[in-house]
Amino acid sequence: MSPSAQQPQMNLAHTPDYRESYANSVQIRVSVWDFQLVFGLASSDAPDQITIRNHDAVFLSPHKPRLCGTCWDRTWPSTSRPSAHLTWSRTATTSRRDRSIR
């Protein structure tokens, strides 16, 4: 495609059955042909038990997860990536400016 070629106009529309869902659990399943992302809600009904209620599954060609990973790497600075062990405290999540105002 030459630099002077016009890009087509893209129109986005929702189908009648479109919906948005919240997920705090994502399982990734891989096969030879595609990736499957299974979204669900994880909750704890007892201290030693976690229940995951899956509500949606999306199948992707192998190219799409790679593209998502590339976008993630470019938009999420390496210094801001969370470590495997996260510790949350009021002082750790408040900026210096916020603390000085209070």
# chains A, B, ... in the order shown; residues from 1 in each chain; ligands from 1

$ residues_around --residues "range 45-53 of chain A" --least-positions-apart "5" --cutoff "9 Å" --atoms "only C-alpha atoms" --output "VMD selection string"
chain A and resid 25 39 to 40

$ write_last_selection --atoms "C-alpha atoms" --output "PDB file, in the first residue's frame"
ATOM      1  CA  SER A  25     -10.281 -14.875  36.667  1.00  0.00           C
ATOM      2  CA  PHE A  39     -13.402 -15.530  31.845  1.00  0.00           C
ATOM      3  CA  GLY A  40     -15.039 -15.965  35.220  1.00  0.00           C
TER       4      GLY A  40
END

$ closest_residue --among "A:Thr75, A:His63, A:Asp56, A:Gly69" --to "Tyr22 in chain A" --atoms "only C-alpha atoms"
A:Asp56

$ atom_distance --atom1 "CA of Phe35 in chain A" --atom2 "CA of Asn54 in chain A"
16.4 Å

$ closest_residue --among "A:Arg74, A:Ser44, A:Ser61, A:Leu12" --to "Ser31 in chain A" --atoms "only C-alpha atoms"
A:Ser61

$ residues_around --residues "Arg29 in chain A" --least-positions-apart "3" --cutoff "12 Å" --atoms "only C-alpha atoms" --output "number ranges by chain"
A: 26, 32-39, 57-60, 62, 65

$ write_last_selection --atoms "C-alpha atoms" --output "short mmCIF file (atom, residue, chain, number, x, y, z; two decimals), in the first residue's frame"
data_model
loop_
_atom_site.label_atom_id
_atom_site.label_comp_id
_atom_site.auth_asym_id
_atom_site.auth_seq_id
_atom_site.Cartn_x
_atom_site.Cartn_y
_atom_site.Cartn_z
CA VAL A 26 -8.92 -15.65 33.20
CA VAL A 32 -2.47 -26.31 17.93
CA TRP A 33 -5.04 -24.12 16.14
CA ASP A 34 -6.06 -21.41 18.59
CA PHE A 35 -6.08 -19.84 22.04
CA GLN A 36 -9.10 -19.94 24.31
CA LEU A 37 -9.60 -17.34 27.03
CA VAL A 38 -12.14 -18.39 29.67
CA PHE A 39 -13.40 -15.53 31.85
CA ALA A 57 -15.04 -18.09 26.53
CA VAL A 58 -13.34 -16.41 23.59
CA PHE A 59 -11.37 -18.25 20.91
CA LEU A 60 -8.54 -16.38 19.15
CA PRO A 62 -2.56 -17.46 17.42
CA PRO A 65 -2.64 -13.00 21.56
#
